[in-house]
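Structure data follow from entry_39.cif (mmCIF, C-alpha atoms and all ligand atoms):
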```cif
data_query
loop_
_atom_site.group_PDB
_atom_site.id
_atom_site.type_symbol
_atom_site.label_atom_id
_atom_site.label_comp_id
_atom_site.auth_asym_id
_atom_site.auth_seq_id
_atom_site.Cartn_x
_atom_site.Cartn_y
_atom_site.Cartn_z
ATOM 1 C CA MET A 1 0.000 0.000 0.000
ATOM 2 C CA ALA A 2 1.533 3.293 -1.079
ATOM 3 C CA ASN A 3 1.918 6.154 1.386
ATOM 4 C CA GLN A 4 0.947 4.136 4.397
ATOM 5 C CA LYS A 5 2.163 5.283 7.767
ATOM 6 C CA VAL A 6 3.983 2.526 9.642
ATOM 7 C CA ALA A 7 5.193 2.235 13.240
ATOM 8 C CA VAL A 8 7.550 -0.379 14.615
ATOM 9 C CA ILE A 9 6.788 -0.616 18.314
ATOM 10 C CA TYR A 10 8.900 -3.042 20.300
ATOM 11 C CA TYR A 11 10.090 -4.183 23.695
ATOM 12 C CA SER A 12 13.561 -5.666 24.101
ATOM 13 C CA TRP A 13 14.986 -6.966 27.358
ATOM 14 C CA SER A 14 18.470 -7.815 26.071
ATOM 15 C CA GLY A 15 18.822 -6.106 22.687
ATOM 16 C CA THR A 16 17.946 -8.795 20.125
ATOM 17 C CA THR A 17 14.473 -7.492 19.308
ATOM 18 C CA GLU A 18 15.899 -3.981 19.202
ATOM 19 C CA ARG A 19 18.328 -5.081 16.479
ATOM 20 C CA ALA A 20 15.451 -6.652 14.541
ATOM 21 C CA ALA A 21 13.424 -3.426 14.871
ATOM 22 C CA GLN A 22 16.381 -1.414 13.605
ATOM 23 C CA ALA A 23 16.821 -3.810 10.673
ATOM 24 C CA ILE A 24 13.183 -3.183 9.695
ATOM 25 C CA GLY A 25 13.858 0.549 10.041
ATOM 26 C CA GLN A 26 16.639 0.227 7.468
ATOM 27 C CA GLN A 27 14.211 -1.296 4.939
ATOM 28 C CA LEU A 28 11.146 0.854 5.470
ATOM 29 C CA ASP A 29 10.296 4.408 6.408
ATOM 30 C CA VAL A 30 8.853 3.821 9.892
ATOM 31 C CA ASP A 31 8.502 5.469 13.279
ATOM 32 C CA LEU A 32 10.567 3.334 15.670
ATOM 33 C CA ILE A 33 9.133 3.340 19.170
ATOM 34 C CA LYS A 34 10.791 1.471 22.025
ATOM 35 C CA LEU A 35 8.585 0.271 24.882
ATOM 36 C CA THR A 36 10.125 0.658 28.314
ATOM 37 C CA VAL A 37 9.177 -0.258 31.875
ATOM 38 C CA ALA A 38 10.533 1.103 35.157
ATOM 39 C CA PRO A 39 14.131 -0.152 35.621
ATOM 40 C CA THR A 40 13.251 -2.068 38.783
ATOM 41 C CA THR A 41 10.477 -4.076 37.079
ATOM 42 C CA PHE A 42 12.675 -6.998 35.978
ATOM 43 C CA SER A 43 15.997 -8.476 37.001
ATOM 44 C CA THR A 44 19.209 -8.595 34.987
ATOM 45 C CA ASP A 45 19.037 -12.371 35.454
ATOM 46 C CA MET A 46 17.003 -14.330 32.916
ATOM 47 C CA TYR A 47 15.570 -16.851 35.392
ATOM 48 C CA ALA A 48 14.587 -14.178 37.897
ATOM 49 C CA THR A 49 13.009 -12.174 35.068
ATOM 50 C CA SER A 50 11.120 -15.252 33.957
ATOM 51 C CA ALA A 51 9.788 -15.751 37.507
ATOM 52 C CA ILE A 52 8.719 -12.086 37.766
ATOM 53 C CA ALA A 53 6.929 -12.286 34.404
ATOM 54 C CA GLN A 54 5.155 -15.476 35.497
ATOM 55 C CA GLN A 55 3.991 -13.767 38.695
ATOM 56 C CA GLN A 56 2.677 -10.853 36.637
ATOM 57 C CA LEU A 57 0.710 -13.251 34.436
ATOM 58 C CA ASN A 58 -0.621 -15.229 37.407
ATOM 59 C CA ALA A 59 -1.727 -12.065 39.204
ATOM 60 C CA ASN A 60 -3.002 -10.518 35.969
ATOM 61 C CA GLN A 61 -0.898 -7.456 36.765
ATOM 62 C CA LEU A 62 0.916 -6.340 33.674
ATOM 63 C CA PRO A 63 3.844 -3.930 34.108
ATOM 64 C CA ALA A 64 3.189 -0.240 33.476
ATOM 65 C CA LEU A 65 4.886 1.146 30.393
ATOM 66 C CA THR A 66 7.030 4.236 30.896
ATOM 67 C CA THR A 67 6.942 5.070 27.175
ATOM 68 C CA GLU A 68 4.835 8.028 26.124
ATOM 69 C CA LEU A 69 2.886 6.682 23.189
ATOM 70 C CA PRO A 70 1.717 8.877 20.304
ATOM 71 C CA ASP A 71 -1.822 8.719 18.900
ATOM 72 C CA LEU A 72 -1.744 5.212 17.494
ATOM 73 C CA ASN A 73 -4.588 5.745 15.048
ATOM 74 C CA GLN A 74 -2.322 7.932 12.900
ATOM 75 C CA TYR A 75 -0.744 4.645 11.729
ATOM 76 C CA ASP A 76 -2.084 2.365 9.001
ATOM 77 C CA LEU A 77 0.153 -0.480 10.134
ATOM 78 C CA ILE A 78 1.841 -1.257 13.448
ATOM 79 C CA LEU A 79 4.552 -3.912 13.585
ATOM 80 C CA VAL A 80 4.797 -5.057 17.198
ATOM 81 C CA GLY A 81 8.069 -6.654 18.275
ATOM 82 C CA GLY A 82 9.145 -8.494 21.383
ATOM 83 C CA PRO A 83 11.030 -11.463 22.781
ATOM 84 C CA VAL A 84 9.373 -14.836 23.332
ATOM 85 C CA TRP A 85 9.056 -15.388 27.062
ATOM 86 C CA GLY A 86 7.917 -18.792 28.322
ATOM 87 C CA GLY A 87 6.613 -19.708 24.875
ATOM 88 C CA THR A 88 4.323 -16.721 24.760
ATOM 89 C CA VAL A 89 4.135 -12.913 24.548
ATOM 90 C CA SER A 90 6.257 -11.020 27.087
ATOM 91 C CA THR A 91 4.375 -9.016 29.692
ATOM 92 C CA PRO A 92 5.555 -5.544 28.509
ATOM 93 C CA VAL A 93 4.276 -6.340 24.991
ATOM 94 C CA ARG A 94 0.997 -7.513 26.569
ATOM 95 C CA SER A 95 0.773 -4.129 28.321
ATOM 96 C CA PHE A 96 1.148 -2.418 24.969
ATOM 97 C CA LEU A 97 -1.453 -4.612 23.277
ATOM 98 C CA THR A 98 -4.065 -3.389 25.767
ATOM 99 C CA GLN A 99 -3.551 0.075 24.207
ATOM 100 C CA LEU A 100 -4.687 -1.195 20.815
ATOM 101 C CA SER A 101 -8.326 -1.845 21.696
ATOM 102 C CA ASP A 102 -9.492 1.128 19.575
ATOM 103 C CA PHE A 103 -6.889 0.759 16.846
ATOM 104 C CA LYS A 104 -8.407 0.791 13.366
ATOM 105 C CA GLY A 105 -5.399 -0.241 11.283
ATOM 106 C CA ILE A 106 -3.448 -3.410 10.634
ATOM 107 C CA VAL A 107 -1.164 -5.131 13.159
ATOM 108 C CA ALA A 108 1.524 -7.770 12.614
ATOM 109 C CA PRO A 109 3.899 -9.326 15.159
ATOM 110 C CA PHE A 110 7.606 -9.987 14.908
ATOM 111 C CA TYR A 111 9.501 -11.701 17.656
ATOM 112 C CA THR A 112 12.874 -13.066 18.609
ATOM 113 C CA ASP A 113 13.494 -16.301 20.461
ATOM 114 C CA ALA A 114 15.982 -19.019 21.355
ATOM 115 C CA GLY A 115 14.333 -21.619 19.127
ATOM 116 C CA THR A 116 11.068 -22.377 20.913
ATOM 117 C CA PRO A 117 8.511 -19.667 20.079
ATOM 118 C CA GLY A 118 5.677 -21.895 21.390
ATOM 119 C CA GLN A 119 2.256 -20.243 21.171
ATOM 120 C CA TYR A 120 3.573 -16.740 20.525
ATOM 121 C CA GLU A 121 1.617 -15.947 17.393
ATOM 122 C CA ALA A 122 -1.638 -17.563 18.457
ATOM 123 C CA ASP A 123 -1.468 -15.815 21.840
ATOM 124 C CA PHE A 124 -0.604 -12.485 20.208
ATOM 125 C CA LYS A 125 -3.675 -12.697 18.004
ATOM 126 C CA GLN A 126 -5.870 -13.690 20.928
ATOM 127 C CA LEU A 127 -4.680 -10.646 22.871
ATOM 128 C CA LEU A 128 -6.106 -8.395 20.133
ATOM 129 C CA PRO A 129 -9.769 -9.455 19.945
ATOM 130 C CA THR A 130 -10.950 -6.059 18.666
ATOM 131 C CA VAL A 131 -8.331 -5.526 15.965
ATOM 132 C CA MET A 132 -9.841 -6.531 12.621
ATOM 133 C CA THR A 133 -6.629 -7.371 10.770
ATOM 134 C CA VAL A 134 -3.739 -9.174 12.445
ATOM 135 C CA ARG A 135 -1.374 -10.361 9.725
ATOM 136 C CA PRO A 136 0.967 -13.369 10.089
ATOM 137 C CA GLY A 137 4.146 -12.747 12.048
ATOM 138 C CA VAL A 138 7.771 -13.707 11.706
ATOM 139 C CA SER A 139 10.696 -14.688 13.876
ATOM 140 C CA LEU A 140 13.467 -12.148 13.297
ATOM 141 C CA THR A 141 16.082 -13.492 15.697
ATOM 142 C CA GLN A 142 18.502 -13.367 12.759
ATOM 143 C CA PRO A 143 16.939 -10.722 10.523
ATOM 144 C CA THR A 144 18.243 -11.630 7.052
ATOM 145 C CA SER A 145 16.744 -10.339 3.807
ATOM 146 C CA ASN A 146 15.397 -13.846 3.204
ATOM 147 C CA THR A 147 13.267 -13.759 6.336
ATOM 148 C CA MET A 148 12.483 -10.071 6.618
ATOM 149 C CA LYS A 149 11.812 -8.905 3.062
ATOM 150 C CA PRO A 150 9.041 -11.389 2.099
ATOM 151 C CA TRP A 151 7.340 -10.749 5.436
ATOM 152 C CA LEU A 152 7.495 -6.970 5.023
ATOM 153 C CA LYS A 153 6.090 -7.326 1.526
ATOM 154 C CA ALA A 154 3.210 -9.463 2.828
ATOM 155 C CA VAL A 155 2.307 -7.214 5.761
ATOM 156 C CA CYS A 156 2.623 -3.942 3.842
ATOM 157 C CA GLN A 157 0.391 -4.888 0.913
HETATM 158 C C1 LIG B 201 12.336 -14.351 30.787
HETATM 159 C C2 LIG B 201 12.757 -15.019 29.510
HETATM 160 C C3 LIG B 201 12.042 -16.094 29.001
HETATM 161 C C4 LIG B 201 12.400 -16.685 27.789
HETATM 162 N N1 LIG B 201 11.639 -17.694 27.269
HETATM 163 C C5 LIG B 201 11.930 -18.201 26.036
HETATM 164 C C6 LIG B 201 11.109 -19.210 25.429
HETATM 165 O O1 LIG B 201 10.110 -19.667 25.968
HETATM 166 N N2 LIG B 201 11.451 -19.666 24.192
HETATM 167 C C7 LIG B 201 12.549 -19.191 23.506
HETATM 168 O O2 LIG B 201 12.819 -19.646 22.406
HETATM 169 N N3 LIG B 201 13.344 -18.232 24.065
HETATM 170 C C8 LIG B 201 13.053 -17.729 25.298
HETATM 171 N N4 LIG B 201 13.842 -16.734 25.840
HETATM 172 C C9 LIG B 201 14.946 -16.211 25.033
HETATM 173 C C10 LIG B 201 14.532 -14.919 24.318
HETATM 174 O O3 LIG B 201 13.283 -15.056 23.678
HETATM 175 C C11 LIG B 201 15.540 -14.534 23.237
HETATM 176 O O4 LIG B 201 16.832 -14.502 23.759
HETATM 177 C C12 LIG B 201 15.157 -13.195 22.633
HETATM 178 O O5 LIG B 201 15.791 -13.036 21.381
HETATM 179 C C13 LIG B 201 15.554 -12.031 23.534
HETATM 180 O O6 LIG B 201 15.111 -10.843 22.948
HETATM 181 P P1 LIG B 201 15.502 -9.427 23.565
HETATM 182 O O7 LIG B 201 17.012 -9.387 23.553
HETATM 183 O O8 LIG B 201 14.912 -8.442 22.627
HETATM 184 O O9 LIG B 201 14.963 -9.349 24.946
HETATM 185 C C14 LIG B 201 13.512 -16.170 27.064
HETATM 186 C C15 LIG B 201 14.251 -15.113 27.600
HETATM 187 C C16 LIG B 201 13.895 -14.530 28.801
HETATM 188 C C17 LIG B 201 14.687 -13.388 29.345
#
```
Transcribe the structure of this file into structure tokens.
Amino acid sequence: MANQKVAVIYYSWSGTTERAAQAIGQQLDVDLIKLTVAPTTFSTDMYATSAIAQQQLNANQLPALTTELPDLNQYDLILVGGPVWGGTVSTPVRSFLTQLSDFKGIVAPFYTDAGTPGQYEADFKQLLPTVMTVRPGVSLTQPTSNTMKPWLKAVCQ
């Protein structure tokens, strides 16, 4: 679609998803928006972070985002990036998805993982019950042109 306005909105705990977001930014004219949480929210240790995220899910208490988000309905397409945590969508990305309940455009996920993405895509879609168009996602752990370009072409059409 010509002249569409695209945002890449992502959370990254250890930098891999950030690199994927930047790789997309080199291919497309996008607004890159990094989601952040208060620095004390998670640990620097992966296992401790995993336990904190699990507690957040169990208690249904998603972490507050410290990012000031623009008006999201100015975008035709939002590419939402994040790491796979416990085979599903990380809690900061879940916090962001709650902001999309009135979004009128198209959404597509990209994610990075250590080889076991689990239910990421199915869960992502389920977390957006009011968004009409959620396009298929992609794992961009190693964002090569072979993985990224066909996906961008498919989601941008
Ligand atoms: C809390 C936590 C849970 C994770 N769970 C999974 C998982 O279930 N499956 C997987 O393949 N990788 C898992 N990983 C690895 C990350 O998904 C992977 O390293 C990702 O690329 C990190 O992205 P980031 O650097 O943007 O945070 C986990 C990492 C963390 C910190």
Please, which residues in chain A fall within 10 Å of ligand LIG 201 (chain B) when counting all atoms listed in the file, and what is the closest atom pair and distance in Å to one decimal for each, ordered by chain then residue number, as CSV?
```
residue,atom,partner,partner_atom,distance
A:Tyr10,CA,B:LIG201,O8,8.4
A:Tyr11,CA,B:LIG201,O8,6.5
A:Ser12,CA,B:LIG201,O8,3.4
A:Trp13,CA,B:LIG201,O9,3.4
A:Ser14,CA,B:LIG201,O7,3.3
A:Gly15,CA,B:LIG201,O7,3.8
A:Thr16,CA,B:LIG201,O7,3.6
A:Thr17,CA,B:LIG201,O8,3.5
A:Glu18,CA,B:LIG201,O8,5.7
A:Arg19,CA,B:LIG201,O8,7.8
A:Ala20,CA,B:LIG201,O8,8.3
A:Ala21,CA,B:LIG201,O8,9.4
A:Phe42,CA,B:LIG201,C1,9.0
A:Ser43,CA,B:LIG201,C17,9.2
A:Thr44,CA,B:LIG201,C17,8.7
A:Asp45,CA,B:LIG201,C17,7.6
A:Met46,CA,B:LIG201,C17,4.4
A:Tyr47,CA,B:LIG201,C1,6.2
A:Ala48,CA,B:LIG201,C1,7.5
A:Thr49,CA,B:LIG201,C1,4.8
A:Ser50,CA,B:LIG201,C1,3.5
A:Ala51,CA,B:LIG201,C1,7.3
A:Ile52,CA,B:LIG201,C1,8.2
A:Ala53,CA,B:LIG201,C1,6.8
A:Gln54,CA,B:LIG201,C1,8.7
A:Gly81,CA,B:LIG201,O8,8.3
A:Gly82,CA,B:LIG201,O8,5.9
A:Pro83,CA,B:LIG201,O6,4.1
A:Val84,CA,B:LIG201,O3,3.9
A:Trp85,CA,B:LIG201,N1,3.5
A:Gly86,CA,B:LIG201,O1,3.3
A:Gly87,CA,B:LIG201,O1,3.7
A:Thr88,CA,B:LIG201,O1,6.6
A:Val89,CA,B:LIG201,O1,9.1
A:Ser90,CA,B:LIG201,C1,7.9
A:Thr91,CA,B:LIG201,C1,9.6
A:Tyr111,CA,B:LIG201,O5,7.4
A:Thr112,CA,B:LIG201,O5,4.0
A:Asp113,CA,B:LIG201,O3,3.5
A:Ala114,CA,B:LIG201,O2,3.4
A:Gly115,CA,B:LIG201,O2,4.1
A:Thr116,CA,B:LIG201,O2,3.6
A:Pro117,CA,B:LIG201,O2,4.9
A:Gly118,CA,B:LIG201,O1,6.8
A:Gln119,CA,B:LIG201,O1,9.2
A:Tyr120,CA,B:LIG201,O1,9.0
A:Ser139,CA,B:LIG201,O5,9.2
A:Leu140,CA,B:LIG201,O5,8.5
A:Thr141,CA,B:LIG201,O5,5.7
A:Gln142,CA,B:LIG201,O5,9.0
```
Discussion item. Between CA of Phe103 (chain A) and CA of Val131 (chain A), what is the distance in Å, rounded to a tenth?
Written reply: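 A separation of 6.5 Å between them.
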Worksheet item: At what distance in Å, to one decimal, does CA of Pro92 (chain A) lie from CA of Pro63 (chain A)?
Response: 6.1 Å
Worksheet item: If the PyMOL selection byres (((chain A and resi 32) around 12) and not hetatm) is run on the structure shown, which residues does it catch, given as JSON, numbers by chain?
Response: {"A": [5, 6, 7, 8, 9, 10, 11, 18, 19, 20, 21, 22, 23, 24, 25, 26, 28, 29, 30, 31, 33, 34, 35, 69, 70, 78, 79, 80, 81]}
Practice prompt. Quick one: residues within 6 Å of (-2.2, -11.7, 13.0) (file frame), counting only C-alpha atoms, please, as a ChimeraX atom specification.
Written response: /A:108,125,134-136
Item to complete: Rank nothing, just name the residue among A:Pro143, A:Pro39, A:Pro109, A:Pro150 nearest to Thr66 (chain A), using only C-alpha atoms.
Response: A:Pro39
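If you look at CA of Thr133 (chain A) and CA of Arg94 (chain A), they are 17.5 Å away from each other.
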Worksheet entry | Pick from A:Thr130, A:Asn146, A:Gly137, A:Leu72, whichever lies nearest to Phe96 (chain A) using only C-alpha atoms |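 Looking at the shortest contact to Phe96 (chain A), the residue is A:Leu72.
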Discussion item. I'd like the neighbourhood of Leu128 (chain A) as a list in words, where a residue qualifies if any of its atoms comes within 9 Å (using all atoms listed in the file), though same-chain residues fewer than 3 positions away should be ignored.
Written reply: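 Once the adjacent positions are removed, what remains is Leu97, Thr98, Leu100, Ser101, Asp123, Phe124, Lys125, Val131, Met132 and Val134 of chain A.
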